[in-house]
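Shown here: final.cif, mmCIF, C-alpha atoms and all ligand atoms.
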```cif
data_data
#
loop_
_atom_site.label_atom_id
_atom_site.label_comp_id
_atom_site.auth_asym_id
_atom_site.auth_seq_id
_atom_site.Cartn_x
_atom_site.Cartn_y
_atom_site.Cartn_z
CA MET A 1 -27.53 -12.34 -21.06
CA ARG A 2 -27.28 -8.93 -19.49
CA LYS A 3 -24.14 -6.81 -19.26
CA TYR A 4 -23.08 -5.68 -15.83
CA GLU A 5 -20.42 -3.50 -14.37
CA ILE A 6 -18.75 -5.91 -12.00
CA VAL A 7 -16.71 -4.58 -9.10
CA ALA A 8 -14.05 -6.73 -7.45
CA PRO A 9 -12.37 -5.43 -4.28
CA CYS A 10 -8.87 -6.68 -3.41
CA HIS A 11 -6.02 -5.89 -1.03
CA PHE A 12 -4.59 -2.38 -1.33
CA GLY A 13 -1.37 -2.60 -3.31
CA LEU A 14 -2.33 -5.72 -5.25
CA GLU A 15 -4.64 -4.22 -7.87
CA ALA A 16 -2.24 -5.15 -10.70
CA VAL A 17 -2.45 -8.84 -9.79
CA LEU A 18 -6.23 -8.89 -9.82
CA LYS A 19 -6.35 -6.83 -13.02
CA LYS A 20 -4.19 -9.41 -14.77
CA GLU A 21 -6.32 -12.27 -13.46
CA ILE A 22 -9.49 -10.62 -14.78
CA ILE A 23 -7.93 -10.01 -18.21
CA ASP A 24 -6.70 -13.63 -18.29
CA LEU A 25 -10.25 -14.76 -17.50
CA GLY A 26 -11.33 -12.89 -20.63
CA TYR A 27 -12.98 -9.67 -19.47
CA ASP A 28 -12.49 -5.98 -20.26
CA ILE A 29 -11.30 -3.69 -17.48
CA LEU A 30 -13.31 -0.51 -16.94
CA ALA A 31 -11.48 1.04 -14.00
CA VAL A 32 -8.62 0.38 -11.63
CA GLU A 33 -8.93 2.19 -8.32
CA ASP A 34 -7.31 1.77 -4.92
CA GLY A 35 -8.36 -1.63 -3.63
CA ARG A 36 -10.86 -2.34 -6.40
CA ILE A 37 -11.17 -3.22 -10.09
CA THR A 38 -14.26 -2.68 -12.21
CA PHE A 39 -14.88 -4.74 -15.35
CA TYR A 40 -17.64 -5.62 -17.80
CA GLY A 41 -19.34 -8.97 -17.79
CA ASP A 42 -22.55 -10.95 -17.98
CA GLU A 43 -24.10 -13.50 -15.60
CA GLU A 44 -21.49 -16.03 -16.59
CA ALA A 45 -18.77 -13.54 -15.66
CA VAL A 46 -20.32 -13.21 -12.21
CA CYS A 47 -20.03 -16.97 -11.66
CA ARG A 48 -16.60 -17.34 -13.22
CA ALA A 49 -15.18 -14.39 -11.27
CA ASN A 50 -16.41 -15.90 -8.00
CA VAL A 51 -15.08 -19.35 -8.80
CA PHE A 52 -11.78 -18.57 -10.57
CA LEU A 53 -10.27 -15.34 -9.23
CA ARG A 54 -7.60 -16.04 -6.62
CA SER A 55 -6.86 -12.47 -5.53
CA ALA A 56 -10.35 -10.92 -5.31
CA GLU A 57 -12.08 -10.36 -1.98
CA ARG A 58 -15.64 -10.51 -3.37
CA ILE A 59 -17.61 -9.97 -6.57
CA LEU A 60 -20.17 -7.18 -6.69
CA ILE A 61 -22.67 -6.09 -9.33
CA LYS A 62 -22.83 -2.33 -9.61
CA VAL A 63 -26.43 -1.17 -9.29
CA GLY A 64 -25.60 2.49 -9.87
CA SER A 65 -23.84 5.57 -8.60
CA PHE A 66 -24.72 9.17 -7.82
CA LYS A 67 -23.52 12.21 -5.86
CA ALA A 68 -24.80 12.81 -2.34
CA THR A 69 -23.72 15.32 0.26
CA THR A 70 -26.92 15.17 2.33
CA PHE A 71 -29.07 12.31 3.61
CA GLU A 72 -31.87 13.71 1.48
CA GLU A 73 -29.76 13.24 -1.65
CA LEU A 74 -28.69 9.80 -0.48
CA PHE A 75 -32.35 8.82 -0.06
CA GLU A 76 -33.42 10.16 -3.44
CA GLY A 77 -30.41 8.77 -5.26
CA THR A 78 -30.98 5.32 -3.78
CA LYS A 79 -34.69 5.43 -4.60
CA GLU A 80 -33.96 6.16 -8.25
CA LEU A 81 -31.92 2.99 -8.73
CA PRO A 82 -33.57 0.08 -10.60
CA TRP A 83 -33.91 -2.21 -7.56
CA GLU A 84 -36.76 -4.17 -9.09
CA THR A 85 -34.43 -5.63 -11.71
CA TYR A 86 -32.52 -7.40 -8.95
CA ILE A 87 -34.70 -7.85 -5.89
CA PRO A 88 -37.84 -10.00 -6.14
CA LYS A 89 -40.95 -9.30 -4.10
CA ASP A 90 -40.01 -11.78 -1.36
CA GLY A 91 -36.30 -10.91 -1.39
CA LYS A 92 -34.42 -10.11 1.78
CA PHE A 93 -32.40 -6.93 1.31
CA TRP A 94 -30.21 -4.77 3.51
CA VAL A 95 -27.08 -2.65 3.34
CA ALA A 96 -24.53 -5.09 4.71
CA LYS A 97 -21.67 -2.64 4.59
CA ALA A 98 -21.13 1.08 4.06
CA ALA A 99 -17.68 2.63 3.76
CA SER A 100 -16.93 6.30 3.38
CA VAL A 101 -13.73 8.10 2.37
CA LYS A 102 -13.32 11.88 2.06
CA SER A 103 -17.12 12.38 1.96
CA LYS A 104 -19.61 14.56 3.83
CA LEU A 105 -21.71 11.54 4.75
CA PHE A 106 -19.69 9.14 6.80
CA SER A 107 -21.77 7.42 9.48
CA PRO A 108 -22.17 3.83 8.25
CA SER A 109 -25.22 3.09 10.38
CA ASP A 110 -27.07 6.21 9.15
CA ILE A 111 -26.14 5.48 5.54
CA GLN A 112 -27.33 1.91 5.97
CA SER A 113 -30.71 2.76 7.48
CA ILE A 114 -31.50 5.62 5.09
CA MET A 115 -30.66 3.52 2.06
CA LYS A 116 -32.81 0.66 3.32
CA LYS A 117 -35.74 3.04 3.76
CA ALA A 118 -35.27 4.36 0.23
CA MET A 119 -35.16 0.83 -1.20
CA VAL A 120 -38.35 -0.09 0.66
CA GLU A 121 -40.06 3.05 -0.66
CA LYS A 122 -39.07 2.23 -4.23
CA LEU A 123 -40.05 -1.43 -4.09
CA LYS A 124 -43.38 -0.65 -2.40
CA GLN A 125 -44.34 1.44 -5.41
CA ILE A 126 -43.19 -1.20 -7.84
CA TYR A 127 -44.69 -4.26 -6.15
CA LYS A 128 -47.77 -2.40 -4.85
CA VAL A 129 -47.49 -3.70 -1.32
CA THR A 130 -47.18 -1.93 2.02
CA TRP A 131 -45.02 -4.48 3.80
CA PHE A 132 -42.23 -6.86 2.80
CA GLU A 133 -41.98 -10.21 4.55
CA GLU A 134 -38.43 -10.65 3.24
CA GLU A 135 -38.62 -14.42 3.54
CA GLY A 136 -36.95 -15.20 0.21
CA GLU A 137 -33.34 -15.14 -0.95
CA SER A 138 -30.73 -12.70 0.40
CA PHE A 139 -29.62 -9.61 -1.51
CA PRO A 140 -26.92 -7.92 0.55
CA ILE A 141 -25.97 -4.43 -0.60
CA ARG A 142 -22.52 -2.86 -0.26
CA VAL A 143 -21.98 0.84 -0.69
CA PHE A 144 -18.90 3.03 -0.80
CA LEU A 145 -18.70 6.78 -0.77
CA MET A 146 -15.61 8.38 -2.28
CA LYS A 147 -15.51 12.18 -2.38
CA ASP A 148 -19.34 12.22 -2.11
CA GLU A 149 -19.78 9.84 -5.04
CA VAL A 150 -21.96 6.97 -3.86
CA THR A 151 -21.36 3.60 -5.53
CA VAL A 152 -24.05 1.05 -4.81
CA CYS A 153 -23.42 -2.64 -5.35
CA LEU A 154 -25.09 -5.98 -4.86
CA ASP A 155 -22.87 -8.60 -3.24
CA THR A 156 -22.90 -11.86 -5.19
CA THR A 157 -20.33 -13.58 -2.97
CA GLY A 158 -21.47 -13.75 0.67
CA GLU A 159 -18.68 -14.95 2.90
CA SER A 160 -15.57 -13.29 1.51
CA LEU A 161 -13.66 -15.08 -1.23
CA HIS A 162 -10.50 -15.55 0.78
CA LYS A 163 -12.46 -18.24 2.60
CA ARG A 164 -11.89 -21.10 0.19
CA GLY A 165 -13.34 -23.63 2.59
CA TYR A 166 -10.13 -25.56 3.32
CA ARG A 167 -8.84 -23.67 6.32
CA LYS A 168 -10.83 -25.01 9.23
CA LEU A 169 -7.90 -24.63 11.58
CA THR A 170 -5.60 -21.64 11.65
CA ALA A 171 -2.38 -20.33 13.15
CA LYS A 172 -2.14 -17.37 15.50
CA ALA A 173 -1.78 -14.88 12.69
CA PRO A 174 -2.75 -16.61 9.47
CA ILE A 175 -2.35 -14.75 6.19
CA ALA A 176 -5.54 -14.36 4.15
CA GLU A 177 -5.72 -16.97 1.38
CA ASN A 178 -6.28 -14.42 -1.38
CA LEU A 179 -3.36 -12.33 -0.12
CA ALA A 180 -1.09 -15.40 -0.11
CA ALA A 181 -2.23 -16.28 -3.64
CA SER A 182 -1.67 -12.70 -4.87
CA LEU A 183 1.86 -12.65 -3.47
CA ILE A 184 2.73 -15.95 -5.11
CA MET A 185 1.41 -14.56 -8.40
CA LEU A 186 3.70 -11.53 -7.98
CA THR A 187 6.72 -13.84 -8.04
CA PRO A 188 8.05 -15.76 -11.07
CA TRP A 189 7.33 -19.05 -9.27
CA ASN A 190 5.57 -21.71 -11.31
CA LYS A 191 4.83 -25.37 -10.68
CA GLU A 192 8.13 -26.51 -12.21
CA ARG A 193 10.04 -24.65 -9.50
CA ILE A 194 10.73 -25.41 -5.84
CA LEU A 195 8.75 -23.53 -3.19
CA VAL A 196 9.57 -23.60 0.52
CA ASP A 197 7.75 -21.79 3.32
CA PRO A 198 9.94 -22.15 6.44
CA PHE A 199 7.26 -20.49 8.66
CA CYS A 200 4.24 -22.22 7.15
CA GLY A 201 1.85 -21.98 10.12
CA SER A 202 -1.51 -23.32 8.93
CA GLY A 203 -0.01 -23.93 5.49
CA THR A 204 -1.58 -21.11 3.49
CA PHE A 205 1.32 -20.39 1.09
CA PRO A 206 2.06 -24.04 0.24
CA ILE A 207 -1.66 -24.83 -0.15
CA GLU A 208 -2.34 -21.83 -2.41
CA ALA A 209 0.71 -22.72 -4.50
CA ALA A 210 -0.46 -26.34 -4.81
CA LEU A 211 -3.95 -25.20 -5.85
CA MET A 212 -2.36 -23.14 -8.61
CA ALA A 213 -0.07 -25.97 -9.64
CA ALA A 214 -2.99 -28.37 -10.02
CA ASN A 215 -5.19 -25.72 -11.64
CA ILE A 216 -7.78 -26.08 -8.88
CA ALA A 217 -10.11 -23.07 -8.88
CA PRO A 218 -10.18 -21.40 -5.46
CA GLY A 219 -13.99 -21.35 -5.33
CA MET A 220 -14.64 -24.98 -6.15
CA ASN A 221 -15.43 -26.05 -2.61
CA ARG A 222 -17.67 -23.32 -1.33
CA SER A 223 -20.97 -21.60 -2.05
CA PHE A 224 -21.93 -18.08 -3.09
CA THR A 225 -24.92 -15.87 -2.32
CA ALA A 226 -25.81 -15.49 -6.00
CA GLU A 227 -26.24 -19.25 -6.41
CA ASN A 228 -29.77 -18.71 -5.16
CA TRP A 229 -30.63 -15.75 -7.39
CA SER A 230 -32.46 -17.80 -9.97
CA GLU A 231 -33.86 -14.70 -11.70
CA ILE A 232 -30.43 -13.14 -12.22
CA VAL A 233 -27.98 -16.02 -12.50
CA GLY A 234 -29.60 -19.27 -13.53
CA LYS A 235 -28.51 -22.57 -11.96
CA LYS A 236 -27.30 -23.81 -15.30
CA ILE A 237 -24.71 -21.06 -15.48
CA TRP A 238 -23.33 -22.14 -12.10
CA TYR A 239 -23.28 -25.79 -13.17
CA ASP A 240 -21.44 -24.92 -16.39
CA CYS A 241 -18.94 -22.92 -14.40
CA MET A 242 -18.32 -25.84 -12.03
CA ASP A 243 -17.89 -28.17 -15.02
CA GLU A 244 -15.32 -25.80 -16.47
CA ALA A 245 -13.48 -25.75 -13.12
CA ASN A 246 -13.59 -29.55 -12.82
CA ASP A 247 -12.27 -30.06 -16.35
CA MET A 248 -9.27 -27.87 -15.64
CA VAL A 249 -7.98 -29.78 -12.61
CA ASP A 250 -4.76 -31.68 -13.26
CA MET A 251 -3.48 -33.72 -10.32
CA ASN A 252 -1.12 -35.64 -12.53
CA ILE A 253 1.82 -33.37 -11.81
CA GLU A 254 5.06 -33.41 -9.89
CA THR A 255 5.73 -30.61 -7.49
CA ASP A 256 8.37 -29.68 -4.94
CA ILE A 257 6.36 -27.61 -2.46
CA GLN A 258 7.35 -27.75 1.19
CA GLY A 259 6.09 -26.21 4.41
CA TYR A 260 8.07 -26.20 7.66
CA ASP A 261 7.26 -24.88 11.10
CA ILE A 262 8.94 -25.13 14.47
CA ASP A 263 5.60 -25.94 16.10
CA PRO A 264 4.45 -29.56 15.61
CA ASP A 265 0.81 -28.57 16.22
CA MET A 266 1.01 -26.12 13.32
CA VAL A 267 2.44 -28.80 11.05
CA ALA A 268 -0.48 -31.09 11.94
CA ILE A 269 -2.96 -28.29 11.21
CA ALA A 270 -1.28 -27.49 7.88
CA ARG A 271 -1.54 -31.15 6.85
CA GLU A 272 -5.21 -31.26 7.79
CA ASN A 273 -5.91 -28.09 5.78
CA ALA A 274 -4.04 -29.43 2.76
CA LYS A 275 -6.14 -32.58 2.93
CA LEU A 276 -9.33 -30.51 2.99
CA ALA A 277 -8.07 -28.57 -0.03
CA GLY A 278 -7.35 -31.87 -1.82
CA VAL A 279 -3.66 -31.10 -2.33
CA GLU A 280 -1.95 -33.09 0.44
CA LYS A 281 -0.19 -35.24 -2.19
CA LEU A 282 1.47 -32.16 -3.68
CA ILE A 283 3.00 -30.76 -0.48
CA HIS A 284 5.54 -32.05 1.99
CA PHE A 285 5.01 -30.64 5.50
CA GLN A 286 7.54 -31.21 8.22
CA GLN A 287 8.38 -29.94 11.68
CA ARG A 288 11.66 -28.14 11.23
CA PRO A 289 13.11 -24.98 12.82
CA LEU A 290 14.49 -22.25 10.60
CA GLU A 291 17.98 -23.08 11.86
CA LYS A 292 17.76 -26.37 9.94
CA LEU A 293 16.56 -24.90 6.66
CA SER A 294 18.42 -26.31 3.70
CA HIS A 295 17.72 -27.76 0.26
CA PRO A 296 20.08 -29.68 -2.03
CA LYS A 297 18.79 -28.16 -5.26
CA LYS A 298 19.32 -24.81 -6.93
CA TYR A 299 16.93 -22.08 -8.08
CA GLY A 300 14.20 -22.54 -5.46
CA PHE A 301 11.86 -20.00 -3.94
CA ILE A 302 11.27 -19.11 -0.32
CA ILE A 303 7.86 -17.48 -0.06
CA THR A 304 6.93 -16.80 3.52
CA ASN A 305 5.31 -14.74 6.23
CA PRO A 306 7.76 -14.80 9.15
CA PRO A 307 6.83 -13.71 12.69
CA TYR A 308 6.86 -9.92 12.94
CA GLY A 309 6.35 -9.51 16.68
CA GLU A 310 2.81 -8.37 17.30
CA ARG A 311 3.50 -8.59 21.01
CA LEU A 312 6.24 -6.57 22.67
CA GLU A 313 8.08 -9.49 24.23
CA GLU A 314 8.32 -11.13 20.80
CA LYS A 315 9.92 -8.01 19.32
CA GLU A 316 13.20 -8.77 21.11
CA ASN A 317 13.48 -12.04 19.26
CA LEU A 318 13.16 -10.47 15.84
CA PRO A 319 16.75 -9.30 15.17
CA PRO A 320 18.30 -12.76 15.76
CA LEU A 321 15.45 -14.46 13.88
CA TYR A 322 15.84 -12.24 10.81
CA ARG A 323 19.64 -12.58 10.98
CA MET A 324 19.08 -16.34 10.84
CA ILE A 325 16.76 -15.91 7.84
CA GLY A 326 19.59 -14.07 6.06
CA GLU A 327 22.11 -16.72 7.04
CA ARG A 328 19.98 -19.66 5.89
CA TYR A 329 19.03 -17.90 2.66
CA ARG A 330 22.65 -17.18 1.79
CA ALA A 331 23.48 -20.86 2.36
CA LEU A 332 21.01 -21.87 -0.38
CA ASP A 333 22.34 -21.96 -3.91
CA ALA A 334 20.86 -19.46 -6.38
CA TRP A 335 17.49 -19.15 -4.63
CA SER A 336 15.00 -16.28 -4.59
CA MET A 337 13.28 -15.16 -1.41
CA TYR A 338 10.01 -13.32 -0.91
CA LEU A 339 8.74 -12.32 2.48
CA ILE A 340 5.80 -10.36 3.77
CA THR A 341 6.29 -8.79 7.16
CA ALA A 342 5.42 -5.71 9.20
CA TYR A 343 8.92 -5.72 10.71
CA GLU A 344 10.64 -2.49 9.65
CA GLN A 345 14.23 -3.71 10.19
CA ALA A 346 13.87 -6.83 8.06
CA GLU A 347 16.42 -5.89 5.37
CA MET A 348 18.92 -4.62 7.89
CA ASP A 349 18.85 -7.80 9.99
CA ILE A 350 18.76 -10.11 7.00
CA GLY A 351 21.82 -8.25 5.83
CA LEU A 352 20.80 -7.95 2.19
CA LYS A 353 19.18 -5.22 0.19
CA ALA A 354 15.92 -6.36 -1.38
CA THR A 355 15.70 -6.23 -5.16
CA LYS A 356 12.21 -4.80 -4.77
CA ASN A 357 10.00 -3.84 -1.89
CA ARG A 358 6.28 -3.29 -2.11
CA LYS A 359 3.96 -1.79 0.47
CA ILE A 360 0.85 -3.85 1.03
CA TYR A 361 -2.00 -3.26 3.42
CA ASN A 362 -3.06 -6.36 5.28
CA GLY A 363 -6.32 -5.02 6.66
CA MET A 364 -5.22 -1.87 8.48
CA MET A 365 -1.67 -3.08 9.02
CA LYS A 366 1.09 -1.76 6.81
CA THR A 367 3.33 -4.58 5.68
CA TYR A 368 6.19 -4.92 3.24
CA PHE A 369 6.71 -7.56 0.60
CA TYR A 370 10.48 -7.88 0.31
CA GLN A 371 11.68 -9.50 -2.88
CA PHE A 372 15.19 -10.92 -3.15
CA LEU A 373 15.42 -12.06 -6.72
CA GLY A 374 17.90 -14.84 -7.45
CA PRO A 375 19.29 -15.94 -10.82
CA LYS A 376 17.13 -17.69 -13.39
CA PRO A 377 17.83 -21.35 -14.09
CA PRO A 378 19.51 -22.01 -17.45
CA ARG A 379 17.11 -22.88 -20.25
CA ARG A 380 16.60 -26.58 -20.71
CA ALA A 381 17.68 -27.93 -24.05
N1 LIG A 401 1.47 -17.78 7.01
C1 LIG A 401 1.08 -18.61 8.13
C2 LIG A 401 1.31 -17.94 9.47
C3 LIG A 401 2.74 -17.80 9.83
S1 LIG A 401 2.94 -17.26 11.50
C4 LIG A 401 -0.41 -18.99 7.99
O1 LIG A 401 -1.07 -18.52 7.06
O2 LIG A 401 -0.91 -19.71 8.83
C5 LIG A 401 4.60 -17.63 11.80
C6 LIG A 401 4.92 -19.08 12.08
O3 LIG A 401 6.32 -19.17 12.29
C7 LIG A 401 4.26 -19.66 13.33
O4 LIG A 401 3.45 -20.76 12.97
C8 LIG A 401 5.44 -20.12 14.20
O5 LIG A 401 5.21 -21.36 14.84
C9 LIG A 401 6.56 -20.22 13.20
N2 LIG A 401 7.93 -20.02 13.75
C10 LIG A 401 8.35 -19.11 14.66
N3 LIG A 401 9.68 -19.21 14.86
C11 LIG A 401 10.13 -20.20 14.05
C12 LIG A 401 11.42 -20.78 13.79
N4 LIG A 401 12.52 -20.34 14.41
N5 LIG A 401 11.49 -21.77 12.88
C13 LIG A 401 10.40 -22.20 12.21
N6 LIG A 401 9.16 -21.71 12.44
C14 LIG A 401 9.00 -20.72 13.34
#
```

Representation of the structure as structure tokens:
Amino acid sequence: MRKYEIVAPCHFGLEAVLKKEIIDLGYDILAVEDGRITFYGDEEAVCRANVFLRSAERILIKVGSFKATTFEELFEGTKELPWETYIPKDGKFWVAKAASVKSKLFSPSDIQSIMKKAMVEKLKQIYKVTWFEEEGESFPIRVFLMKDEVTVCLDTTGESLHKRGYRKLTAKAPIAENLAASLIMLTPWNKERILVDPFCGSGTFPIEAALMAANIAPGMNRSFTAENWSEIVGKKIWYDCMDEANDMVDMNIETDIQGYDIDPDMVAIARENAKLAGVEKLIHFQQRPLEKLSHPKKYGFIITNPPYGERLEEKENLPPLYRMIGERYRALDAWSMYLITAYEQAEMDIGLKATKNRKIYNGMMKTYFYQFLGPKPPRRA
């Protein structure tokens, strides 16, 4: 087993959630930066991080880092890295993504092509060939420059981790699965408690909650680029990881997780997605407008992503909609409410001051996660 520095990007503002998940999975944190956590781990950690982490965006192996302010330095720095330990002679390799912040070098396409040339140069010397067919497995590289420090990573994930494989059909503005999972993990909700999403759309919040309730690993029904890297991560390690994930699943539970939407097509889509995720038995979806939101029990959670008016004509509808959210929430007995929205007037229209409010970047869009914390249920005897 080799030790790697493993880099896991996540949504900006949710680093603490991912950090906790990594610690719970049993690994030591090396660094927490904006939108990314670095930790130590071996090949098994690479598999387990891909399969088990709910809030990560992808899992990268750090190949190395160096300073570069010129393309010359970028070329030389890249050439020095130990590429031969990762990329076999027939491997297919390219810089899939380059991102630059506060650095002299910033053009992604130039960074990508220069680094590729440097890798070819290095591997030519090592493998003593003049041309690479690149017909073997894929080794996508991701690089980020931060204040001229170049961090070079190998992507073990492929299609980003928020794609669990269950969401074949989506709403107009679906929330990313890993973002939904992170937000649920920020709340005190657990499978003993009620969860209602009154604007469930394609069902992301209820489905992510049900996956957690049943201990279903988010990566159980998809594949990863590194599954084919037999020289780095053997098949057996992947099989063991899948066995571990399978052993953990517990469908023998009772949940009260509900998703409502005004649009019957959305409700049908949400049901279909829940079926694909294998959790349809744990969720009750129903067509129901916000106006009819109610629940007979106490101490439940609303966790939701209400409309926030991307289009101008929708903006007019927001004040009455958010007033209705406030009204329906107040009618519930001792509930908590958590909502993520880009709508700036949310608290004002809801008519309640949030207990906490957290800024979260959903891609480039600034959103707020408003948290209205209700009372705790009394301890059971
Ligand atoms: N989080 C969801 C997307 C939510 S989009 C996902 O991941 O797919 C907001 C949803 O609110 C839309 O599906 C829309 O149909 C629904 N909606 C809008 N007004 C509503 C109302 N008054 N009552 C219930 N649902 C409503």

(request) Around ligand LIG 401 (chain A), at most 10 Å away and counting all atoms listed in the file, which residues are there? Put them as a PyMOL selection string, please. (result) chain A and resi 167+169-177+179-180+197-207+259-267+269-270+287-293+303-309+317-318+320-322+324-325+340

With 12 Å as the cut-off and all atoms listed in the file counted, what is the closest atom pair between each nearby residue of stretch 184-242 of chain A and stretch 57-73 of chain A? Distances in Å to one decimal, ordered by chain and number, as CSV.
```
residue,atom,partner,partner_atom,distance
A:Pro218,CA,A:Glu57,CA,11.7
A:Gly219,CA,A:Arg58,CA,11.1
A:Phe224,CA,A:Ile59,CA,9.8
A:Thr225,CA,A:Ile59,CA,10.3
A:Ala226,CA,A:Ile59,CA,9.9
A:Ile232,CA,A:Ile61,CA,10.9
A:Val233,CA,A:Ile61,CA,11.7
```

(request) Determine the nearest neighbour of A:Val32 from the options A:Cys47, A:Val7, A:Ala56, A:Leu74, counting only C-alpha atoms. (result) A:Val7

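Here the question is which of A:Ile237, A:Ile141, A:Val279, A:Ile114 gets nearest to A:Asn215 using only C-alpha atoms, and that residue is A:Val279.
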
(message) Which residues are near A:Met251? Cut-off 12 Å, all atoms listed in the file, ignore same chain within fewer than 3 positions. Put them as number ranges by chain.
(response) A: 191, 210-216, 246-248, 254-255, 278-282

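Distances to A:Lys89 were evaluated for A:Pro319, A:Gly13, A:Pro377, A:Gly136 using all atoms listed in the file, and the minimum falls at A:Gly136.
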
(message) Could you check which residues have any atom within 12 Å of (-34.8, -13.8, -10.0), counting all atoms listed in the file with coordinates taken straight from the file, and then list them as an MDAnalysis selection string?
(response) chainID A and resid 83:91 136:139 226:235

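From atom CA of A:Met220 back to atom CA of A:Glu208, the distance works out to 13.2 Å.
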
(request) Excluding A:Leu14 and any residue of its chain fewer than 3 positions from it, enumerate the residues within 12 Å of it, using all atoms listed in the file, and give them as a PyMOL selection string. (result) chain A and resi 8-11+17-21+32-37+54-57+178-186+358-362+369

(request) Enumerate, as a ChimeraX atom specification, the protein, DNA and RNA residues whose atoms approach (9.4, -16.7, -8.3) to within 12 Å, taking into account all atoms listed in the file and the coordinate frame of the file. (result) /A:183-196,209,299-303,334-339,371-377

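Taking all atoms listed in the file into account, A:Asp240 lies nearest to A:Val51 out of the set A:Leu276, A:Ile6, A:Val51, A:Ile253.
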
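Picture a line from atom CA of A:Phe93 to atom CA of A:Trp238; it runs 22.2 Å.
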
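Note that atom CA of A:Phe39 and atom CA of A:Glu5 are 5.8 Å apart.
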
Need the shell around A:Thr341: protein/DNA/RNA residues with any atom at most 6 Å away, counting only C-alpha atoms. Skip same-chain ones fewer than 2 positions apart. Format as a PDB file with C-alpha atoms, keeping the file's coordinate frame?
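Written out: out_1.pdb:
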```
ATOM      1  CA  TYR A 308       6.860  -9.920  12.940  1.00  0.00           C
ATOM      2  CA  TYR A 343       8.920  -5.720  10.710  1.00  0.00           C
ATOM      3  CA  THR A 367       3.330  -4.580   5.680  1.00  0.00           C
ATOM      4  CA  TYR A 368       6.190  -4.920   3.240  1.00  0.00           C
TER       5      TYR A 368
END
```

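With all atoms listed in the file as the atoms that count, the residue of A:Arg330, A:Ile283, A:Glu76, A:Arg222 with the shortest distance to A:Lys163 is A:Arg222.
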
(request) Could you check which of A:Ser100, A:Gln258, A:Asn252, A:Asn50 is closest to A:Val150, using all atoms listed in the file? (result) A:Ser100
